[in-house]
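Participant: Below is the file work-v3.cif, with mmCIF, C-alpha atoms.
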```cif
data_start
#
loop_
_atom_site.group_PDB
_atom_site.id
_atom_site.type_symbol
_atom_site.label_atom_id
_atom_site.label_comp_id
_atom_site.auth_asym_id
_atom_site.auth_seq_id
_atom_site.Cartn_x
_atom_site.Cartn_y
_atom_site.Cartn_z
ATOM 1 C CA MET W 1 -40.812 129.587 341.770
ATOM 2 C CA ILE W 2 -43.010 131.064 344.477
ATOM 3 C CA ARG W 3 -45.873 128.779 345.473
ATOM 4 C CA ASN W 4 -46.673 129.999 348.998
ATOM 5 C CA ILE W 5 -47.479 133.519 350.194
ATOM 6 C CA VAL W 6 -47.390 134.110 353.943
ATOM 7 C CA PHE W 7 -48.889 137.256 355.449
ATOM 8 C CA ASP W 8 -48.347 138.969 358.739
ATOM 9 C CA ILE W 9 -51.713 140.294 359.978
ATOM 10 C CA GLY W 10 -51.255 143.581 361.858
ATOM 11 C CA ASN W 11 -50.670 146.558 359.547
ATOM 12 C CA VAL W 12 -50.722 144.241 356.522
ATOM 13 C CA LEU W 13 -54.209 142.688 356.309
ATOM 14 C CA THR W 14 -55.539 144.727 359.229
ATOM 15 C CA ASP W 15 -54.815 148.052 360.881
ATOM 16 C CA PHE W 16 -53.269 147.879 364.339
ATOM 17 C CA ARG W 17 -54.721 151.268 365.290
ATOM 18 C CA TRP W 18 -53.634 151.469 368.909
ATOM 19 C CA ARG W 19 -53.319 155.257 368.980
ATOM 20 C CA GLU W 20 -56.805 155.867 367.600
ATOM 21 C CA PHE W 21 -58.147 153.118 369.860
ATOM 22 C CA LEU W 22 -56.831 154.924 372.943
ATOM 23 C CA GLN W 23 -58.078 158.281 371.661
ATOM 24 C CA ASP W 24 -61.516 156.714 371.144
ATOM 25 C CA LYS W 25 -61.519 155.891 374.856
ATOM 26 C CA GLY W 26 -61.164 159.584 375.644
ATOM 27 C CA PHE W 27 -57.463 159.826 376.464
ATOM 28 C CA ASP W 28 -55.631 162.981 375.342
ATOM 29 C CA ASP W 29 -52.408 162.746 373.343
ATOM 30 C CA ASP W 30 -50.123 162.979 376.366
ATOM 31 C CA MET W 31 -51.929 160.157 378.136
ATOM 32 C CA VAL W 32 -52.026 158.075 374.948
ATOM 33 C CA ASP W 33 -48.240 158.339 374.745
ATOM 34 C CA ARG W 34 -47.868 157.519 378.423
ATOM 35 C CA ILE W 35 -50.111 154.454 378.207
ATOM 36 C CA ALA W 36 -48.268 153.283 375.106
ATOM 37 C CA ARG W 37 -44.844 153.616 376.749
ATOM 38 C CA ALA W 38 -46.036 151.536 379.695
ATOM 39 C CA SER W 39 -47.696 148.859 377.576
ATOM 40 C CA ILE W 40 -47.584 148.561 373.802
ATOM 41 C CA MET W 41 -44.025 149.880 373.509
ATOM 42 C CA SER W 42 -42.695 147.911 376.464
ATOM 43 C CA PRO W 43 -40.962 144.521 376.186
ATOM 44 C CA PHE W 44 -43.902 143.003 378.062
ATOM 45 C CA TRP W 45 -46.177 143.420 375.037
ATOM 46 C CA GLU W 46 -44.330 140.518 373.436
ATOM 47 C CA GLU W 47 -45.449 138.324 376.328
ATOM 48 C CA PHE W 48 -49.053 139.272 375.563
ATOM 49 C CA ASP W 49 -48.602 137.885 372.059
ATOM 50 C CA ARG W 50 -46.650 134.847 373.270
ATOM 51 C CA GLY W 51 -49.613 133.793 375.380
ATOM 52 C CA ASP W 52 -47.635 132.674 378.428
ATOM 53 C CA TRP W 53 -49.092 135.274 380.800
ATOM 54 C CA ASP W 54 -52.669 135.819 381.828
ATOM 55 C CA GLU W 55 -54.220 139.235 381.440
ATOM 56 C CA GLU W 56 -53.839 140.291 385.079
ATOM 57 C CA ARG W 57 -50.148 139.446 385.225
ATOM 58 C CA LEU W 58 -49.570 141.462 382.081
ATOM 59 C CA LEU W 59 -51.484 144.428 383.494
ATOM 60 C CA GLN W 60 -49.420 144.276 386.661
ATOM 61 C CA GLU W 61 -46.229 144.547 384.609
ATOM 62 C CA PHE W 62 -47.647 147.510 382.682
ATOM 63 C CA ILE W 63 -48.584 149.176 385.978
ATOM 64 C CA LYS W 64 -45.051 148.668 387.323
ATOM 65 C CA ASN W 65 -43.827 150.675 384.333
ATOM 66 C CA ASP W 66 -45.977 153.663 385.371
ATOM 67 C CA PRO W 67 -47.823 153.135 388.691
ATOM 68 C CA GLU W 68 -49.492 156.554 388.571
ATOM 69 C CA ILE W 69 -51.700 155.557 385.657
ATOM 70 C CA GLU W 70 -53.004 152.207 386.913
ATOM 71 C CA LYS W 71 -56.622 153.316 386.473
ATOM 72 C CA GLU W 72 -55.996 154.458 382.904
ATOM 73 C CA LEU W 73 -54.131 151.275 381.995
ATOM 74 C CA ARG W 74 -56.928 149.107 383.322
ATOM 75 C CA MET W 75 -59.503 151.200 381.470
ATOM 76 C CA ALA W 76 -57.497 151.028 378.248
ATOM 77 C CA PHE W 77 -57.166 147.257 378.159
ATOM 78 C CA LYS W 78 -60.406 146.125 379.749
ATOM 79 C CA GLN W 79 -61.830 145.696 376.244
ATOM 80 C CA VAL W 80 -59.722 145.908 373.059
ATOM 81 C CA ASN W 81 -62.410 145.679 370.390
ATOM 82 C CA GLY W 82 -61.534 148.276 367.767
ATOM 83 C CA MET W 83 -57.788 148.118 368.306
ATOM 84 C CA VAL W 84 -57.496 145.920 365.198
ATOM 85 C CA THR W 85 -59.675 146.599 362.147
ATOM 86 C CA LEU W 86 -59.978 144.866 358.785
ATOM 87 C CA ARG W 87 -58.442 146.436 355.682
ATOM 88 C CA ASP W 88 -60.856 146.500 352.757
ATOM 89 C CA TYR W 89 -58.478 144.774 350.376
ATOM 90 C CA ALA W 90 -57.723 141.775 352.628
ATOM 91 C CA ILE W 91 -60.290 139.255 351.403
ATOM 92 C CA PRO W 92 -60.199 140.270 347.704
ATOM 93 C CA TRP W 93 -56.391 140.040 347.702
ATOM 94 C CA ILE W 94 -56.407 136.623 349.343
ATOM 95 C CA GLU W 95 -59.047 135.370 346.914
ATOM 96 C CA GLU W 96 -57.105 136.758 343.952
ATOM 97 C CA LEU W 97 -53.897 134.994 344.972
ATOM 98 C CA LYS W 98 -55.673 131.733 345.720
ATOM 99 C CA GLY W 99 -57.467 131.973 342.388
ATOM 100 C CA LYS W 100 -54.053 132.038 340.719
ATOM 101 C CA GLY W 101 -53.074 128.843 342.494
ATOM 102 C CA TYR W 102 -50.955 130.131 345.374
ATOM 103 C CA ARG W 103 -51.204 128.790 348.896
ATOM 104 C CA VAL W 104 -51.950 131.708 351.195
ATOM 105 C CA LEU W 105 -51.109 131.478 354.896
ATOM 106 C CA TYR W 106 -50.638 133.744 357.900
ATOM 107 C CA LEU W 107 -47.881 134.119 360.493
ATOM 108 C CA SER W 108 -48.662 136.707 363.129
ATOM 109 C CA ASN W 109 -47.856 137.786 366.645
ATOM 110 C CA PHE W 110 -51.359 137.928 368.071
ATOM 111 C CA SER W 111 -52.757 137.681 371.594
ATOM 112 C CA TYR W 112 -55.711 135.554 372.637
ATOM 113 C CA LYS W 113 -57.511 138.643 373.949
ATOM 114 C CA ALA W 114 -57.192 140.419 370.594
ATOM 115 C CA TYR W 115 -58.209 137.247 368.748
ATOM 116 C CA VAL W 116 -61.440 137.045 370.748
ATOM 117 C CA GLU W 117 -62.311 140.730 371.110
ATOM 118 C CA CYS W 118 -61.246 141.812 367.598
ATOM 119 C CA ALA W 119 -62.791 138.811 365.833
ATOM 120 C CA ASP W 120 -64.617 141.111 363.421
ATOM 121 C CA ALA W 121 -61.223 142.147 362.009
ATOM 122 C CA LEU W 122 -60.203 138.536 361.336
ATOM 123 C CA VAL W 123 -63.016 137.430 359.054
ATOM 124 C CA PHE W 124 -60.461 136.717 356.323
ATOM 125 C CA LEU W 125 -58.899 133.778 358.209
ATOM 126 C CA PRO W 126 -61.283 131.115 356.821
ATOM 127 C CA TYR W 127 -60.316 132.206 353.298
ATOM 128 C CA MET W 128 -56.687 131.257 353.933
ATOM 129 C CA ASP W 129 -54.975 127.880 353.778
ATOM 130 C CA GLY W 130 -53.902 127.941 357.397
ATOM 131 C CA GLY W 131 -51.258 129.630 359.450
ATOM 132 C CA ILE W 132 -49.928 130.356 362.909
ATOM 133 C CA LEU W 133 -51.000 132.818 365.579
ATOM 134 C CA SER W 134 -48.317 133.273 368.205
ATOM 135 C CA TYR W 135 -50.455 132.850 371.318
ATOM 136 C CA ARG W 136 -51.496 129.334 370.268
ATOM 137 C CA GLU W 137 -47.915 128.125 369.979
ATOM 138 C CA ARG W 138 -46.208 130.136 372.772
ATOM 139 C CA LEU W 139 -43.789 131.391 370.107
ATOM 140 C CA VAL W 140 -43.301 134.855 368.619
ATOM 141 C CA LYS W 141 -41.527 136.485 365.718
ATOM 142 C CA PRO W 142 -38.702 137.179 365.074
ATOM 143 C CA TYR W 143 -37.465 134.014 366.811
ATOM 144 C CA PRO W 144 -36.649 131.329 364.222
ATOM 145 C CA GLU W 145 -38.688 128.603 365.933
ATOM 146 C CA ILE W 146 -41.994 130.089 364.828
ATOM 147 C CA TYR W 147 -40.905 130.243 361.180
ATOM 148 C CA ARG W 148 -39.622 126.675 361.301
ATOM 149 C CA LEU W 149 -42.900 125.514 362.822
ATOM 150 C CA LEU W 150 -44.849 127.112 359.967
ATOM 151 C CA MET W 151 -42.588 125.547 357.348
ATOM 152 C CA ASP W 152 -42.772 122.089 358.945
ATOM 153 C CA ARG W 153 -46.503 122.140 359.653
ATOM 154 C CA TYR W 154 -47.434 123.085 356.094
ATOM 155 C CA SER W 155 -44.533 121.345 354.303
ATOM 156 C CA LEU W 156 -43.274 124.599 352.796
ATOM 157 C CA GLN W 157 -39.973 124.925 350.961
ATOM 158 C CA PRO W 158 -38.181 128.201 351.824
ATOM 159 C CA GLU W 159 -37.277 129.026 348.223
ATOM 160 C CA GLU W 160 -40.945 128.594 347.218
ATOM 161 C CA THR W 161 -42.239 130.851 349.999
ATOM 162 C CA VAL W 162 -42.493 134.623 350.393
ATOM 163 C CA PHE W 163 -43.276 136.317 353.694
ATOM 164 C CA LEU W 164 -44.749 139.834 353.991
ATOM 165 C CA ASP W 165 -44.437 141.760 357.261
ATOM 166 C CA ASP W 166 -44.463 145.449 358.171
ATOM 167 C CA THR W 167 -41.677 144.943 360.753
ATOM 168 C CA LEU W 168 -38.248 144.717 359.150
ATOM 169 C CA LYS W 169 -36.660 142.507 361.822
ATOM 170 C CA ASN W 170 -39.366 139.895 361.212
ATOM 171 C CA VAL W 171 -38.645 139.948 357.479
ATOM 172 C CA GLU W 172 -34.913 139.655 358.103
ATOM 173 C CA ALA W 173 -35.496 136.654 360.376
ATOM 174 C CA ALA W 174 -37.415 134.929 357.572
ATOM 175 C CA ARG W 175 -34.682 135.718 355.058
ATOM 176 C CA ALA W 176 -32.088 134.211 357.393
ATOM 177 C CA LEU W 177 -33.940 130.898 357.009
ATOM 178 C CA GLY W 178 -33.961 131.132 353.211
ATOM 179 C CA ILE W 179 -37.513 132.455 352.892
ATOM 180 C CA CYS W 180 -38.102 135.312 350.468
ATOM 181 C CA GLY W 181 -39.059 138.415 352.412
ATOM 182 C CA ILE W 182 -40.937 141.609 351.584
ATOM 183 C CA HIS W 183 -40.922 144.518 354.027
ATOM 184 C CA PHE W 184 -44.543 145.600 353.678
ATOM 185 C CA LYS W 185 -45.271 149.333 353.399
ATOM 186 C CA SER W 186 -48.363 149.312 351.188
ATOM 187 C CA LYS W 187 -50.340 146.857 349.073
ATOM 188 C CA GLU W 188 -49.152 148.600 345.921
ATOM 189 C CA GLN W 189 -45.487 148.330 346.902
ATOM 190 C CA ALA W 190 -45.936 144.709 347.993
ATOM 191 C CA CYS W 191 -47.618 143.771 344.708
ATOM 192 C CA ARG W 192 -44.713 145.298 342.758
ATOM 193 C CA GLU W 193 -42.227 143.270 344.765
ATOM 194 C CA LEU W 194 -44.296 140.120 344.404
ATOM 195 C CA GLU W 195 -44.300 140.632 340.650
ATOM 196 C CA GLU W 196 -40.525 140.907 340.716
ATOM 197 C CA LEU W 197 -40.501 137.467 342.350
ATOM 198 C CA GLY W 198 -42.692 136.100 339.560
ATOM 199 C CA VAL W 199 -46.039 136.319 341.366
ATOM 200 C CA ARG W 200 -48.473 137.454 338.705
#
```
Here is the file; what I need is its structure written in the form of structure tokens.
Facilitator:
Amino acid sequence: MIRNIVFDIGNVLTDFRWREFLQDKGFDDDMVDRIARASIMSPFWEEFDRGDWDEERLLQEFIKNDPEIEKELRMAFKQVNGMVTLRDYAIPWIEELKGKGYRVLYLSNFSYKAYVECADALVFLPYMDGGILSYRERLVKPYPEIYRLLMDRYSLQPEETVFLDDTLKNVEAARALGICGIHFKSKEQACRELEELGVR
């Protein structure tokens, strides 16, 4: 029986709208793609979420990826408010599940900078029963340590827990530890799959 529902945050309860965010800063499509390749799509982005590196070190690594666009990279990441935005259904869905008696938690790769500067997108956090943000623990998905930490900290049993994430490798990592996993594509699809697991 499922008793615990664990949500990823980005592109599940919020929109991680990096492309629109960069367009809002005035970059054309070619530059948006170039900035993304040097930053968001690079392996160094994971270190941003892990919280081991300060902002300047991270920027230096992005710049090494494409030195010609140092000015643009610095402009892009000086302030990230608006990169993450709240989905309308987040709080009602959390309240609905909690009203039915489920524990609702979060497990998300999230940087300190985004936590501070996109705080308006995270207003649902106090409605939840706890959770883990990667930067606080120096751990990231899909490494098993972060899942084990969540399970131990909140005394969760894998067979009683379902994890929803829009990134398949993160779902597969949870399944490897015995946690039920749903590859999130939409709220409607996720609700159907939750129902199949007995979540009504």
Participant: Name every residue that the PyMOL selection byres ((chain W and resi 121) around 12) selects in this structure, writing the answer as a PyMOL selection string with chains first and numbers rising.
Facilitator: chain W and resi 9-11+13-17+80-88+90-91+114-120+122-125
Participant: Neighbourhood query: residues within 9 Å of (-38.8, 133.2, 356.0), file coordinates, counting all atoms listed in the file; return as an MDAnalysis selection string.
Facilitator: chainID W and resid 6 144 147:148 151 158:159 161:163 170:181
Participant: Excluding W:Glu61 and its own-chain neighbours fewer than 5 positions away, which residues fall within 9 Å of it when counting all atoms listed in the file? Please give them as a PyMOL selection string.
Facilitator: chain W and resi 38-39+44+56
Participant: Enumerate, as a PDB file with C-alpha atoms, in the frame of the given file, the residues matched when the PyMOL selection byres ((chain W and resi 42) around 12) is run on the file above.
Facilitator:
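Done, and the output landed in part.pdb:
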```
ATOM      1  CA  ASP W  33     -48.240 158.339 374.745  1.00  0.00           C
ATOM      2  CA  ARG W  34     -47.868 157.519 378.423  1.00  0.00           C
ATOM      3  CA  ILE W  35     -50.111 154.454 378.207  1.00  0.00           C
ATOM      4  CA  ALA W  36     -48.268 153.283 375.106  1.00  0.00           C
ATOM      5  CA  ARG W  37     -44.844 153.616 376.749  1.00  0.00           C
ATOM      6  CA  ALA W  38     -46.036 151.536 379.695  1.00  0.00           C
ATOM      7  CA  SER W  39     -47.696 148.859 377.576  1.00  0.00           C
ATOM      8  CA  ILE W  40     -47.584 148.561 373.802  1.00  0.00           C
ATOM      9  CA  MET W  41     -44.025 149.880 373.509  1.00  0.00           C
ATOM     10  CA  PRO W  43     -40.962 144.521 376.186  1.00  0.00           C
ATOM     11  CA  PHE W  44     -43.902 143.003 378.062  1.00  0.00           C
ATOM     12  CA  TRP W  45     -46.177 143.420 375.037  1.00  0.00           C
ATOM     13  CA  GLU W  46     -44.330 140.518 373.436  1.00  0.00           C
ATOM     14  CA  GLU W  47     -45.449 138.324 376.328  1.00  0.00           C
ATOM     15  CA  PHE W  48     -49.053 139.272 375.563  1.00  0.00           C
ATOM     16  CA  LEU W  58     -49.570 141.462 382.081  1.00  0.00           C
ATOM     17  CA  LEU W  59     -51.484 144.428 383.494  1.00  0.00           C
ATOM     18  CA  GLU W  61     -46.229 144.547 384.609  1.00  0.00           C
ATOM     19  CA  PHE W  62     -47.647 147.510 382.682  1.00  0.00           C
ATOM     20  CA  ILE W  63     -48.584 149.176 385.978  1.00  0.00           C
ATOM     21  CA  LYS W  64     -45.051 148.668 387.323  1.00  0.00           C
ATOM     22  CA  ASN W  65     -43.827 150.675 384.333  1.00  0.00           C
ATOM     23  CA  ASP W  66     -45.977 153.663 385.371  1.00  0.00           C
TER      24      ASP W  66
END
```
Participant: To one decimal place in Å, what is the distance between atom CA of W:Glu55 and atom CA of W:Ser108?
Facilitator: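 Atom CA of W:Ser108 lies 19.3 Å from atom CA of W:Glu55.
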Participant: What is the atom CA of W:Tyr106 to atom CA of W:Tyr154 distance in Å?
Facilitator: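 It comes out at 11.3 Å.
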Participant: One decimal, Å: what's the distance from atom CA of W:Glu160 over to atom CA of W:Val104, could you say?
Facilitator: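 Calculated distance between atom CA of W:Glu160 and atom CA of W:Val104 is 12.1 Å.
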Participant: From the set W:Glu95, W:Asp166, W:Asp30, W:Glu68, which residue has the shortest atom-to-atom contact distance to W:Ala190, counting all atoms listed in the file?
Facilitator: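 The shortest atom-to-atom distance to W:Ala190 comes from W:Asp166.
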Participant: Which of these residues is nearest to W:Glu96, using all atoms listed in the file: W:Phe21, W:Asp54, W:Asn109, W:Ile5?
Facilitator: W:Ile5
Participant: Env of W:Val199: 9 Å cut, atoms = only C-alpha atoms, seq-sep filter 6 positions within chain, self excluded. Answer as a PDB file with C-alpha atoms, keeping the file's coordinate frame.
Facilitator:
```
ATOM      1  CA  MET W   1     -40.812 129.587 341.770  1.00  0.00           C
ATOM      2  CA  ILE W   2     -43.010 131.064 344.477  1.00  0.00           C
ATOM      3  CA  ARG W   3     -45.873 128.779 345.473  1.00  0.00           C
ATOM      4  CA  LEU W  97     -53.897 134.994 344.972  1.00  0.00           C
ATOM      5  CA  TYR W 102     -50.955 130.131 345.374  1.00  0.00           C
ATOM      6  CA  CYS W 191     -47.618 143.771 344.708  1.00  0.00           C
ATOM      7  CA  GLU W 193     -42.227 143.270 344.765  1.00  0.00           C
TER       8      GLU W 193
END
```
Participant: Could you work out an axis-aligned box for stretch 79-90 of chain W, taking every atom the file lists and adding 6 Å on each side, and report centre and edge lengths in Å to one decimal, as lines of an AutoDock Vina configuration file?
Facilitator:
```
center_x = -60.0
center_y = 145.0
center_z = 363.3
size_x = 16.9
size_y = 18.5
size_z = 37.9
```
Participant: Compare W:Glu145, W:Asp152, W:Asp49, W:Glu70 by their minimum atom-to-atom distance to W:Lys113, counting only C-alpha atoms, and give me the closest one.
Facilitator: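 Residue with the minimum atom-to-atom distance to W:Lys113: W:Asp49.
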